[in-house]
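The structure file structure_27.cif is reproduced below (mmCIF, C-alpha atoms and all ligand atoms).
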data_protein
#
loop_
_atom_site.group_PDB
_atom_site.id
_atom_site.type_symbol
_atom_site.label_atom_id
_atom_site.label_comp_id
_atom_site.auth_asym_id
_atom_site.auth_seq_id
_atom_site.Cartn_x
_atom_site.Cartn_y
_atom_site.Cartn_z
ATOM 1 C CA MET A 19 20.749 7.970 24.363
ATOM 2 C CA ALA A 20 19.579 4.457 23.538
ATOM 3 C CA ALA A 21 17.088 4.215 20.677
ATOM 4 C CA SER A 22 13.560 3.874 22.019
ATOM 5 C CA ALA A 23 12.150 0.393 21.977
ATOM 6 C CA PRO A 24 9.040 -0.104 19.825
ATOM 7 C CA ALA A 25 7.012 -0.587 23.029
ATOM 8 C CA ASP A 26 7.902 2.963 24.148
ATOM 9 C CA LEU A 27 6.953 4.360 20.757
ATOM 10 C CA LEU A 28 3.732 2.362 20.824
ATOM 11 C CA SER A 29 2.722 3.733 24.219
ATOM 12 C CA GLN A 30 3.554 7.274 23.029
ATOM 13 C CA ILE A 31 1.284 6.701 20.000
ATOM 14 C CA ARG A 32 -1.490 5.608 22.382
ATOM 15 C CA VAL A 33 -0.978 8.671 24.610
ATOM 16 C CA ASN A 34 -1.155 10.971 21.573
ATOM 17 C CA GLY A 35 -4.486 9.469 20.526
ATOM 18 C CA ALA A 36 -5.622 10.005 16.911
ATOM 19 C CA VAL A 37 -4.208 7.006 15.068
ATOM 20 C CA PRO A 38 -4.324 7.133 11.247
ATOM 21 C CA ARG A 39 -7.206 4.964 10.041
ATOM 22 C CA HIS A 40 -5.527 4.277 6.708
ATOM 23 C CA VAL A 41 -1.759 4.095 6.138
ATOM 24 C CA ALA A 42 -0.397 3.735 2.588
ATOM 25 C CA ILE A 43 3.206 2.800 1.821
ATOM 26 C CA ILE A 44 5.275 3.018 -1.366
ATOM 27 C CA MET A 45 7.750 0.229 -0.594
ATOM 28 C CA ASP A 46 10.863 1.435 -2.414
ATOM 29 C CA GLY A 47 14.596 0.786 -2.332
ATOM 30 C CA ASN A 48 14.891 -3.004 -2.633
ATOM 31 C CA GLY A 49 17.237 -2.736 -5.627
ATOM 32 C CA ARG A 50 19.558 -0.269 -3.891
ATOM 33 C CA TRP A 51 19.572 -2.402 -0.734
ATOM 34 C CA ALA A 52 20.786 -5.367 -2.813
ATOM 35 C CA LYS A 53 23.286 -3.249 -4.761
ATOM 36 C CA ASP A 54 24.827 -1.973 -1.504
ATOM 37 C CA ARG A 55 25.547 -5.604 -0.625
ATOM 38 C CA MET A 56 26.623 -6.582 -4.145
ATOM 39 C CA LEU A 57 23.650 -8.942 -4.337
ATOM 40 C CA PRO A 58 21.286 -9.428 -7.295
ATOM 41 C CA ARG A 59 18.171 -7.199 -7.163
ATOM 42 C CA PRO A 60 15.717 -10.089 -6.549
ATOM 43 C CA LEU A 61 17.408 -10.719 -3.192
ATOM 44 C CA GLY A 62 16.494 -7.173 -2.234
ATOM 45 C CA HIS A 63 12.855 -7.914 -3.079
ATOM 46 C CA ARG A 64 13.005 -11.140 -1.085
ATOM 47 C CA SER A 65 14.455 -9.328 1.892
ATOM 48 C CA GLY A 66 11.602 -6.805 1.647
ATOM 49 C CA MET A 67 9.068 -9.522 2.518
ATOM 50 C CA LYS A 68 10.006 -9.408 6.199
ATOM 51 C CA SER A 69 9.349 -5.667 6.230
ATOM 52 C CA VAL A 70 5.842 -6.412 4.962
ATOM 53 C CA ARG A 71 5.366 -8.770 7.914
ATOM 54 C CA GLU A 72 6.683 -6.067 10.288
ATOM 55 C CA VAL A 73 4.328 -3.338 9.067
ATOM 56 C CA VAL A 74 1.314 -5.658 9.044
ATOM 57 C CA GLU A 75 1.965 -6.617 12.672
ATOM 58 C CA GLY A 76 2.751 -3.025 13.601
ATOM 59 C CA ALA A 77 -0.455 -1.773 11.972
ATOM 60 C CA ILE A 78 -2.495 -4.332 13.913
ATOM 61 C CA GLU A 79 -0.836 -3.312 17.191
ATOM 62 C CA VAL A 80 -1.496 0.378 16.606
ATOM 63 C CA GLY A 81 -5.084 -0.209 15.506
ATOM 64 C CA VAL A 82 -4.800 0.984 11.910
ATOM 65 C CA GLU A 83 -7.908 -0.115 9.952
ATOM 66 C CA VAL A 84 -6.486 -0.160 6.413
ATOM 67 C CA LEU A 85 -2.889 -0.728 5.297
ATOM 68 C CA SER A 86 -2.217 -0.150 1.595
ATOM 69 C CA LEU A 87 1.061 -1.415 0.158
ATOM 70 C CA PHE A 88 2.303 -0.544 -3.341
ATOM 71 C CA ALA A 89 4.015 -3.761 -4.417
ATOM 72 C CA PHE A 90 4.158 -3.643 -8.224
ATOM 73 C CA SER A 91 3.199 -0.812 -10.568
ATOM 74 C CA GLN A 92 1.942 -0.999 -14.135
ATOM 75 C CA GLU A 93 5.198 0.679 -15.147
ATOM 76 C CA ASN A 94 7.146 -2.089 -13.357
ATOM 77 C CA TRP A 95 6.051 -4.510 -16.140
ATOM 78 C CA GLN A 96 8.672 -2.714 -18.242
ATOM 79 C CA ARG A 97 11.545 -3.907 -16.047
ATOM 80 C CA PRO A 98 13.795 -6.706 -17.411
ATOM 81 C CA ALA A 99 11.897 -9.999 -17.806
ATOM 82 C CA THR A 100 14.117 -11.731 -15.237
ATOM 83 C CA GLU A 101 13.243 -9.165 -12.573
ATOM 84 C CA VAL A 102 9.517 -9.271 -13.407
ATOM 85 C CA SER A 103 9.482 -13.048 -13.166
ATOM 86 C CA ALA A 104 11.416 -12.960 -9.866
ATOM 87 C CA LEU A 105 8.824 -10.526 -8.489
ATOM 88 C CA MET A 106 5.963 -12.735 -9.686
ATOM 89 C CA SER A 107 7.531 -15.798 -8.028
ATOM 90 C CA LEU A 108 7.903 -13.842 -4.795
ATOM 91 C CA LEU A 109 4.256 -12.795 -4.915
ATOM 92 C CA GLU A 110 3.192 -16.418 -5.142
ATOM 93 C CA GLU A 111 5.653 -17.447 -2.433
ATOM 94 C CA TYR A 112 4.469 -14.634 -0.151
ATOM 95 C CA ILE A 113 0.856 -15.780 -0.482
ATOM 96 C CA GLN A 114 1.824 -19.419 0.004
ATOM 97 C CA ARG A 115 3.852 -18.676 3.108
ATOM 98 C CA GLU A 116 1.776 -15.981 4.768
ATOM 99 C CA ALA A 117 -1.872 -16.708 3.921
ATOM 100 C CA ASP A 118 -2.616 -18.878 6.984
ATOM 101 C CA GLU A 119 -0.781 -16.538 9.359
ATOM 102 C CA LEU A 120 -2.551 -13.466 7.947
ATOM 103 C CA ASP A 121 -5.842 -15.303 8.221
ATOM 104 C CA SER A 122 -5.222 -16.225 11.857
ATOM 105 C CA GLN A 123 -4.279 -12.593 12.612
ATOM 106 C CA GLY A 124 -7.672 -11.503 11.287
ATOM 107 C CA VAL A 125 -6.268 -9.756 8.222
ATOM 108 C CA GLN A 126 -8.456 -9.354 5.152
ATOM 109 C CA VAL A 127 -6.185 -9.416 2.115
ATOM 110 C CA VAL A 128 -7.387 -7.503 -0.941
ATOM 111 C CA MET A 129 -5.334 -7.296 -4.145
ATOM 112 C CA LEU A 130 -5.974 -4.226 -6.280
ATOM 113 C CA GLY A 131 -4.843 -3.494 -9.829
ATOM 114 C CA GLU A 132 -5.055 -4.895 -13.333
ATOM 115 C CA LEU A 133 -4.950 -8.477 -12.056
ATOM 116 C CA ASP A 134 -5.793 -9.879 -15.508
ATOM 117 C CA ARG A 135 -2.195 -9.208 -16.484
ATOM 118 C CA LEU A 136 -0.859 -11.624 -13.853
ATOM 119 C CA PRO A 137 0.304 -15.081 -14.966
ATOM 120 C CA ALA A 138 -2.226 -17.869 -14.215
ATOM 121 C CA ALA A 139 -0.447 -19.239 -11.120
ATOM 122 C CA GLN A 140 -0.270 -15.799 -9.473
ATOM 123 C CA ARG A 141 -3.852 -15.038 -10.455
ATOM 124 C CA ALA A 142 -4.984 -18.266 -8.763
ATOM 125 C CA ALA A 143 -2.941 -17.568 -5.619
ATOM 126 C CA VAL A 144 -4.366 -14.043 -5.409
ATOM 127 C CA ASP A 145 -7.931 -15.328 -5.734
ATOM 128 C CA ARG A 146 -7.253 -17.983 -3.110
ATOM 129 C CA VAL A 147 -5.947 -15.627 -0.416
ATOM 130 C CA MET A 148 -8.684 -13.068 -1.048
ATOM 131 C CA LYS A 149 -11.317 -15.766 -0.644
ATOM 132 C CA GLN A 150 -9.662 -17.321 2.412
ATOM 133 C CA THR A 151 -9.447 -13.994 4.272
ATOM 134 C CA ALA A 152 -12.622 -12.309 2.986
ATOM 135 C CA LYS A 153 -14.478 -12.438 6.309
ATOM 136 C CA ASN A 154 -11.656 -10.996 8.441
ATOM 137 C CA SER A 155 -12.003 -7.509 9.872
ATOM 138 C CA LYS A 156 -9.059 -6.776 12.201
ATOM 139 C CA LEU A 157 -7.021 -5.108 9.435
ATOM 140 C CA ARG A 158 -7.675 -4.674 5.740
ATOM 141 C CA LEU A 159 -4.439 -5.198 3.818
ATOM 142 C CA ASN A 160 -4.626 -3.700 0.320
ATOM 143 C CA LEU A 161 -1.835 -5.037 -1.885
ATOM 144 C CA PHE A 162 -1.488 -3.019 -5.083
ATOM 145 C CA ILE A 163 -0.221 -5.236 -7.875
ATOM 146 C CA SER A 164 -0.050 -4.232 -11.544
ATOM 147 C CA TYR A 165 -1.562 -0.958 -10.377
ATOM 148 C CA GLY A 166 -1.440 2.517 -11.890
ATOM 149 C CA ALA A 167 -3.521 5.409 -10.569
ATOM 150 C CA ARG A 168 -4.114 7.070 -13.941
ATOM 151 C CA ALA A 169 -5.405 3.794 -15.384
ATOM 152 C CA GLU A 170 -7.637 3.426 -12.315
ATOM 153 C CA ILE A 171 -9.107 6.886 -12.905
ATOM 154 C CA VAL A 172 -9.600 6.241 -16.640
ATOM 155 C CA ARG A 173 -11.329 2.959 -15.795
ATOM 156 C CA ALA A 174 -13.687 4.771 -13.404
ATOM 157 C CA ALA A 175 -14.437 7.415 -16.051
ATOM 158 C CA ARG A 176 -15.241 4.696 -18.606
ATOM 159 C CA THR A 177 -17.568 2.894 -16.201
ATOM 160 C CA LEU A 178 -19.470 6.112 -15.498
ATOM 161 C CA ALA A 179 -19.552 7.044 -19.204
ATOM 162 C CA ALA A 180 -21.049 3.643 -20.017
ATOM 163 C CA GLU A 181 -23.751 4.158 -17.397
ATOM 164 C CA VAL A 182 -24.549 7.573 -18.844
ATOM 165 C CA ALA A 183 -24.630 6.151 -22.399
ATOM 166 C CA ALA A 184 -27.009 3.414 -21.230
ATOM 167 C CA GLY A 185 -29.316 6.076 -19.781
ATOM 168 C CA ARG A 186 -28.919 4.843 -16.190
ATOM 169 C CA LEU A 187 -27.070 7.939 -14.972
ATOM 170 C CA LYS A 188 -27.163 11.683 -15.662
ATOM 171 C CA PRO A 189 -23.810 13.518 -16.026
ATOM 172 C CA GLU A 190 -24.845 15.968 -13.291
ATOM 173 C CA GLU A 191 -25.315 13.055 -10.882
ATOM 174 C CA ILE A 192 -21.577 12.337 -11.008
ATOM 175 C CA ASP A 193 -19.850 13.744 -7.929
ATOM 176 C CA ASP A 194 -16.746 12.967 -5.838
ATOM 177 C CA ALA A 195 -18.498 10.234 -3.869
ATOM 178 C CA LEU A 196 -19.863 8.439 -6.927
ATOM 179 C CA PHE A 197 -16.506 8.677 -8.690
ATOM 180 C CA ALA A 198 -14.741 7.200 -5.651
ATOM 181 C CA GLU A 199 -17.139 4.247 -5.756
ATOM 182 C CA LYS A 200 -15.740 3.275 -9.157
ATOM 183 C CA LEU A 201 -12.128 3.140 -7.927
ATOM 184 C CA PHE A 202 -10.406 -0.041 -6.705
ATOM 185 C CA THR A 203 -10.415 1.431 -3.184
ATOM 186 C CA VAL A 204 -14.212 1.565 -2.950
ATOM 187 C CA GLY A 205 -15.243 1.297 0.683
ATOM 188 C CA CYS A 206 -11.881 2.428 2.111
ATOM 189 C CA PRO A 207 -11.385 5.818 3.742
ATOM 190 C CA ASP A 208 -8.730 7.927 1.960
ATOM 191 C CA PRO A 209 -5.208 7.376 3.328
ATOM 192 C CA ASP A 210 -4.386 9.615 6.297
ATOM 193 C CA LEU A 211 -0.673 8.932 5.994
ATOM 194 C CA LEU A 212 1.497 8.058 2.984
ATOM 195 C CA ILE A 213 4.982 6.720 3.676
ATOM 196 C CA ARG A 214 7.576 6.431 0.925
ATOM 197 C CA THR A 215 10.829 4.701 1.744
ATOM 198 C CA SER A 216 14.294 5.130 0.196
ATOM 199 C CA GLY A 217 14.153 8.919 0.218
ATOM 200 C CA GLU A 218 12.422 9.383 -3.146
ATOM 201 C CA GLN A 219 10.095 12.387 -3.139
ATOM 202 C CA ARG A 220 7.455 11.427 -5.679
ATOM 203 C CA ILE A 221 4.112 9.645 -5.931
ATOM 204 C CA SER A 222 5.011 7.401 -8.928
ATOM 205 C CA ASN A 223 1.400 6.989 -10.088
ATOM 206 C CA PHE A 224 0.051 5.715 -6.747
ATOM 207 C CA LEU A 225 -3.474 6.632 -5.535
ATOM 208 C CA LEU A 226 -3.586 10.009 -7.302
ATOM 209 C CA TRP A 227 -7.246 10.560 -6.461
ATOM 210 C CA GLN A 228 -7.189 9.209 -2.909
ATOM 211 C CA LEU A 229 -4.091 11.119 -1.714
ATOM 212 C CA ALA A 230 -5.707 14.573 -2.122
ATOM 213 C CA TYR A 231 -5.301 15.477 1.567
ATOM 214 C CA THR A 232 -2.997 12.723 2.808
ATOM 215 C CA GLU A 233 -0.030 13.607 5.027
ATOM 216 C CA ILE A 234 3.232 12.555 3.350
ATOM 217 C CA TYR A 235 6.196 11.097 5.224
ATOM 218 C CA ILE A 236 9.434 10.396 3.371
ATOM 219 C CA SER A 237 11.741 7.913 5.094
ATOM 220 C CA SER A 238 15.338 7.609 3.937
ATOM 221 C CA VAL A 239 15.371 3.951 5.052
ATOM 222 C CA LEU A 240 15.467 1.381 2.218
ATOM 223 C CA TRP A 241 12.425 -0.920 2.276
ATOM 224 C CA PRO A 242 14.240 -4.123 3.439
ATOM 225 C CA ASP A 243 15.468 -2.164 6.507
ATOM 226 C CA PHE A 244 12.044 -0.704 7.300
ATOM 227 C CA ASP A 245 10.589 -2.172 10.488
ATOM 228 C CA ARG A 246 7.998 -1.574 13.183
ATOM 229 C CA ARG A 247 10.124 1.128 14.797
ATOM 230 C CA GLU A 248 10.189 3.079 11.521
ATOM 231 C CA LEU A 249 6.436 2.670 11.119
ATOM 232 C CA TYR A 250 5.824 3.923 14.650
ATOM 233 C CA GLY A 251 8.164 6.865 14.006
ATOM 234 C CA ALA A 252 6.124 7.828 10.945
ATOM 235 C CA ILE A 253 2.868 7.571 12.900
ATOM 236 C CA LEU A 254 4.264 9.716 15.731
ATOM 237 C CA ASP A 255 5.311 12.324 13.164
ATOM 238 C CA TYR A 256 1.817 12.182 11.644
ATOM 239 C CA GLN A 257 0.262 12.753 15.059
ATOM 240 C CA ASN A 258 2.045 16.103 15.288
ATOM 241 C CA ARG A 259 0.778 17.345 11.936
ATOM 242 C CA ASP A 260 -1.807 20.096 11.658
ATOM 243 C CA ARG A 261 -4.327 18.842 9.096
ATOM 244 C CA ARG A 262 -6.216 21.874 7.809
ATOM 245 C CA PHE A 263 -7.954 20.583 4.668
ATOM 246 C CA GLY A 264 -7.762 24.081 3.195
ATOM 247 C CA ARG A 265 -9.469 25.685 6.169
ATOM 248 C CA VAL A 266 -8.278 28.133 8.783
ATOM 249 C CA PRO A 267 -7.520 26.537 12.175
ATOM 250 C CA ALA A 268 -10.353 26.990 14.696
HETATM 251 C C1 LIG B 301 10.692 -1.381 -4.843
HETATM 252 O O1 LIG B 301 12.073 -1.466 -4.940
HETATM 253 C C2 LIG B 301 9.985 -2.629 -5.311
HETATM 254 C C3 LIG B 301 9.341 -2.481 -6.637
HETATM 255 C C4 LIG B 301 9.201 -1.369 -7.292
HETATM 256 C C5 LIG B 301 8.794 -3.684 -7.233
HETATM 257 P P1 LIG B 301 12.850 -1.101 -6.271
HETATM 258 O O2 LIG B 301 13.023 -2.345 -7.073
HETATM 259 O O3 LIG B 301 12.191 0.013 -7.000
HETATM 260 O O4 LIG B 301 14.248 -0.636 -5.677
HETATM 261 P P2 LIG B 301 15.163 0.559 -6.188
HETATM 262 O O5 LIG B 301 14.315 1.786 -6.253
HETATM 263 O O6 LIG B 301 15.684 0.168 -7.524
HETATM 264 O O7 LIG B 301 16.234 0.669 -5.155
HETATM 265 C C1 LIG B 302 7.126 2.705 -7.160
HETATM 266 O O1 LIG B 302 8.492 2.463 -7.118
HETATM 267 C C2 LIG B 302 6.364 1.408 -7.332
HETATM 268 C C3 LIG B 302 6.424 0.489 -6.222
HETATM 269 C C4 LIG B 302 7.005 0.694 -5.060
HETATM 270 C C5 LIG B 302 5.739 -0.753 -6.426
HETATM 271 P P1 LIG B 302 9.404 2.584 -8.434
HETATM 272 O O2 LIG B 302 10.783 2.320 -8.000
HETATM 273 O O3 LIG B 302 8.843 1.758 -9.512
HETATM 274 O O4 LIG B 302 9.199 4.125 -8.825
HETATM 275 P P2 LIG B 302 10.170 5.148 -9.546
HETATM 276 O O5 LIG B 302 10.574 4.523 -10.840
HETATM 277 O O6 LIG B 302 11.339 5.359 -8.640
HETATM 278 O O7 LIG B 302 9.363 6.392 -9.711
HETATM 279 MG MG MG B 303 12.402 2.022 -6.898
#

Could you spell out this file's structure in structure tokens?
Ligand code: IPE
Ligand code: IPE
Ligand code: MG
Amino acid sequence: MAASAPADLLSQIRVNGAVPRHVAIIMDGNGRWAKDRMLPRPLGHRSGMKSVREVVEGAIEVGVEVLSLFAFSQENWQRPATEVSALMSLLEEYIQREADELDSQGVQVVMLGELDRLPAAQRAAVDRVMKQTAKNSKLRLNLFISYGARAEIVRAARTLAAEVAAGRLKPEEIDDALFAEKLFTVGCPDPDLLIRTSGEQRISNFLLWQLAYTEIYISSVLWPDFDRRELYGAILDYQNRDRRFGRVPA
């Protein structure tokens, strides 16, 4: 049987109904993709940029509201300096190359993480694209850079503690909703679907708070080979899940 064309998968998604509002992706496997081809790792990262374009366009077609991509973790700063600097150059290049296109597609780009750690040029590029696309509302693209979920939670706890210490907040007023307001993802619904590529079965310090009831989909495909068809496959799988949230089905 011939593989179904993305258009077929797309119409099946539409027939099924319930599209995930928020899709999060741990984009993994660039290094292995390069190694398989005896190429240097940075070429794997470069090749992964087209997959980003694919999933952004796919998300728009399906009608996803928020797409969250894990691009660079706090732990990734500990990789060899040459790889870190290659990744930083690619970040700047990605913004340079894609900002106008993303803007014209109606994508609001939001970068989340400890952005102070970025070199000045990347920091400026990040600020520029966020400003340029701030008013767009077709798709919100969250790019997690220099991000770690534990640090995000600690940061939220500190903010709340400071408000308590200043007498503006009582400890008993802190609840799930208030805590979530202090996270980078403030204003976004929790992810409905988390995709991790390259077959790894772990969270790697991504969105620990927000993933509480997210459906997880592990794809064996390496990130540079991930395309719209793979995204649609994950969404179709999601549409057949029985989300119970700890309850008994009605
Ligand atoms: C994901 O690919 C991109 C980043 C973490 C920046 P990897 O670089 O982790 O690729 P593998 O896991 O070594 O194959
Ligand atoms: C997770 O991938 C981080 C990103 C995709 C940005 P890693 O490759 O860094 O995670 P581990 O080391 O396999 O857990
Ligand atoms: Mg990896």

Give one line per residue of chain A that approaches ligand MG 303 (chain B) to at most 7 Å, naming the two atoms of the closest pair and their distance in Å to one decimal, counting all atoms listed in the file; sort by chain then ascending residue number and deliver it as a Markdown table.
| residue | atom | partner | partner_atom | distance |
| --- | --- | --- | --- | --- |
| A:Asp46 | CA | B:MG303 | MG | 4.8 |
| A:Gly47 | CA | B:MG303 | MG | 5.2 |
| A:Gly49 | CA | B:MG303 | MG | 6.9 |

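Atom to atom, atom CA of A:Leu28 and atom CA of A:Ala42 stand 18.7 Å apart.
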
Length of the atom CA of A:Ile171 to atom CA of A:Arg259 vector [Å]: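 The value is 28.7 Å.
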
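Those protein and nucleic acid residues that have any atom within 9 Å of ligand LIG 301 (chain B) are, using all atoms listed in the file, Ile44, Met45, Asp46, Gly47, Asn48, Gly49, Arg50, Trp51, Ala52, Lys53, Arg59, Pro60, Gly62, His63, Gly66, Phe88, Ala89, Phe90, Ser91, Asn94, Glu101, Val102, Leu105, Thr215, Ser216, Glu218, Leu240 and Trp241 of chain A.
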
Store the residues picked out above in a file with C-alpha atoms, as an mmCIF file, in the frame of the given file.
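Writing the result to result-v2.cif gives the following:
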data_model
loop_
_atom_site.group_PDB
_atom_site.id
_atom_site.type_symbol
_atom_site.label_atom_id
_atom_site.label_comp_id
_atom_site.auth_asym_id
_atom_site.auth_seq_id
_atom_site.Cartn_x
_atom_site.Cartn_y
_atom_site.Cartn_z
ATOM 1 C CA ILE A 44 5.275 3.018 -1.366
ATOM 2 C CA MET A 45 7.750 0.229 -0.594
ATOM 3 C CA ASP A 46 10.863 1.435 -2.414
ATOM 4 C CA GLY A 47 14.596 0.786 -2.332
ATOM 5 C CA ASN A 48 14.891 -3.004 -2.633
ATOM 6 C CA GLY A 49 17.237 -2.736 -5.627
ATOM 7 C CA ARG A 50 19.558 -0.269 -3.891
ATOM 8 C CA TRP A 51 19.572 -2.402 -0.734
ATOM 9 C CA ALA A 52 20.786 -5.367 -2.813
ATOM 10 C CA LYS A 53 23.286 -3.249 -4.761
ATOM 11 C CA ARG A 59 18.171 -7.199 -7.163
ATOM 12 C CA PRO A 60 15.717 -10.089 -6.549
ATOM 13 C CA GLY A 62 16.494 -7.173 -2.234
ATOM 14 C CA HIS A 63 12.855 -7.914 -3.079
ATOM 15 C CA GLY A 66 11.602 -6.805 1.647
ATOM 16 C CA PHE A 88 2.303 -0.544 -3.341
ATOM 17 C CA ALA A 89 4.015 -3.761 -4.417
ATOM 18 C CA PHE A 90 4.158 -3.643 -8.224
ATOM 19 C CA SER A 91 3.199 -0.812 -10.568
ATOM 20 C CA ASN A 94 7.146 -2.089 -13.357
ATOM 21 C CA GLU A 101 13.243 -9.165 -12.573
ATOM 22 C CA VAL A 102 9.517 -9.271 -13.407
ATOM 23 C CA LEU A 105 8.824 -10.526 -8.489
ATOM 24 C CA THR A 215 10.829 4.701 1.744
ATOM 25 C CA SER A 216 14.294 5.130 0.196
ATOM 26 C CA GLU A 218 12.422 9.383 -3.146
ATOM 27 C CA LEU A 240 15.467 1.381 2.218
ATOM 28 C CA TRP A 241 12.425 -0.920 2.276
#

Counting all atoms listed in the file, the residue of A:Leu85, A:Met148, A:Leu130, A:Ala138 that sits nearest A:Ser107: A:Ala138

From A:Ser86, A:Ser29, A:Ser103, A:Gln257, residue lying nearest ligand LIG 302 (chain B) [all atoms listed in the file]: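 Of the candidates, the smallest distance to ligand LIG 302 (chain B) is held by A:Ser86.
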
Residues in the PyMOL selection byres (((chain A and resi 24) around 10) and not hetatm), expressed as a list in words: Ala21, Ser22, Ala23, Ala25, Asp26, Leu27, Leu28, Ser29, Gln30, Gly76, Asp245, Arg246, Arg247, Glu248, Leu249, Tyr250 and Gly251 of chain A

Using only C-alpha atoms and all ligand atoms: which of A:Ala195, A:Ile163, A:Ile236, A:Leu109 has the shortest distance to ligand LIG 302 (chain B): A:Ile163

Atom CA of A:Asp121 to atom CA of A:Arg141, distance in Å rounded to a single decimal: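 Atom-to-atom, atom CA of A:Asp121 and atom CA of A:Arg141 are spaced 18.8 Å apart.
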
Proximity to ligand LIG 302 (chain B) - best of A:Met56, A:Ala198, A:Leu87, A:Leu178, all atoms listed in the file: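 Selected residue with least distance to ligand LIG 302 (chain B): A:Leu87.
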
Nearest candidate to ligand LIG 302 (chain B) (options A:Thr151, A:Gln123, A:Gln140, A:Gln219; using only C-alpha atoms and all ligand atoms): A:Gln219

Nearest to A:Val41 by atom-to-atom distance, counting only C-alpha atoms, from A:Arg265, A:Arg135, A:Arg158, A:Lys153: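 Nearest to A:Val41: A:Arg158.
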
If you count all atoms listed in the file, which residues fall within 8 Å of A:Val37, apart from same-chain ones fewer than 3 positions away, as an mmCIF file with C-alpha atoms, keeping the file's coordinate frame?
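Produced file result.cif, reproduced below:
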data_model
loop_
_atom_site.group_PDB
_atom_site.id
_atom_site.type_symbol
_atom_site.label_atom_id
_atom_site.label_comp_id
_atom_site.auth_asym_id
_atom_site.auth_seq_id
_atom_site.Cartn_x
_atom_site.Cartn_y
_atom_site.Cartn_z
ATOM 1 C CA ILE A 31 1.284 6.701 20.000
ATOM 2 C CA ARG A 32 -1.490 5.608 22.382
ATOM 3 C CA VAL A 80 -1.496 0.378 16.606
ATOM 4 C CA GLY A 81 -5.084 -0.209 15.506
ATOM 5 C CA VAL A 82 -4.800 0.984 11.910
ATOM 6 C CA ILE A 253 2.868 7.571 12.900
ATOM 7 C CA GLN A 257 0.262 12.753 15.059
#

Expected residue set, 7 Å radius at (-2.9, 7.6, 2.6), all atoms listed in the file, as a list in words: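 Applying the cut-off with all atoms listed in the file, one gets His40, Val41, Ala42, Asp208, Pro209, Asp210, Leu211, Leu212, Leu229 and Thr232 of chain A.
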
Just to be explicit: take each residue in the selection above, keep C-alpha atoms, and write the result as a PDB file, in the coordinates of the input.
ATOM      1  CA  HIS A  40      -5.527   4.277   6.708  1.00  0.00           C
ATOM      2  CA  VAL A  41      -1.759   4.095   6.138  1.00  0.00           C
ATOM      3  CA  ALA A  42      -0.397   3.735   2.588  1.00  0.00           C
ATOM      4  CA  ASP A 208      -8.730   7.927   1.960  1.00  0.00           C
ATOM      5  CA  PRO A 209      -5.208   7.376   3.328  1.00  0.00           C
ATOM      6  CA  ASP A 210      -4.386   9.615   6.297  1.00  0.00           C
ATOM      7  CA  LEU A 211      -0.673   8.932   5.994  1.00  0.00           C
ATOM      8  CA  LEU A 212       1.497   8.058   2.984  1.00  0.00           C
ATOM      9  CA  LEU A 229      -4.091  11.119  -1.714  1.00  0.00           C
ATOM     10  CA  THR A 232      -2.997  12.723   2.808  1.00  0.00           C
TER      11      THR A 232
END

Evaluate the PyMOL selection byres (((chain A and resi 204) around 12) and not hetatm) and report residues as an MDAnalysis selection string: chainID A and resid 128 130 160 170 174 195:203 205:208 227:228

Long-range neighbours of A:Arg261 as number ranges by chain, 9 Å cut-off, only C-alpha atoms, 6 positions minimum in chain: A: 231-233, 267

Edge lengths and centre in Å to one decimal, as JSON, is what I'm after for the box along x, y and z that holds all listed atoms of stretch 229-242 of chain A once 4 Å is added on each side.
{"center_x": 4.9, "center_y": 5.7, "center_z": 1.6, "size_x": 29.2, "size_y": 27.6, "size_z": 15.3}
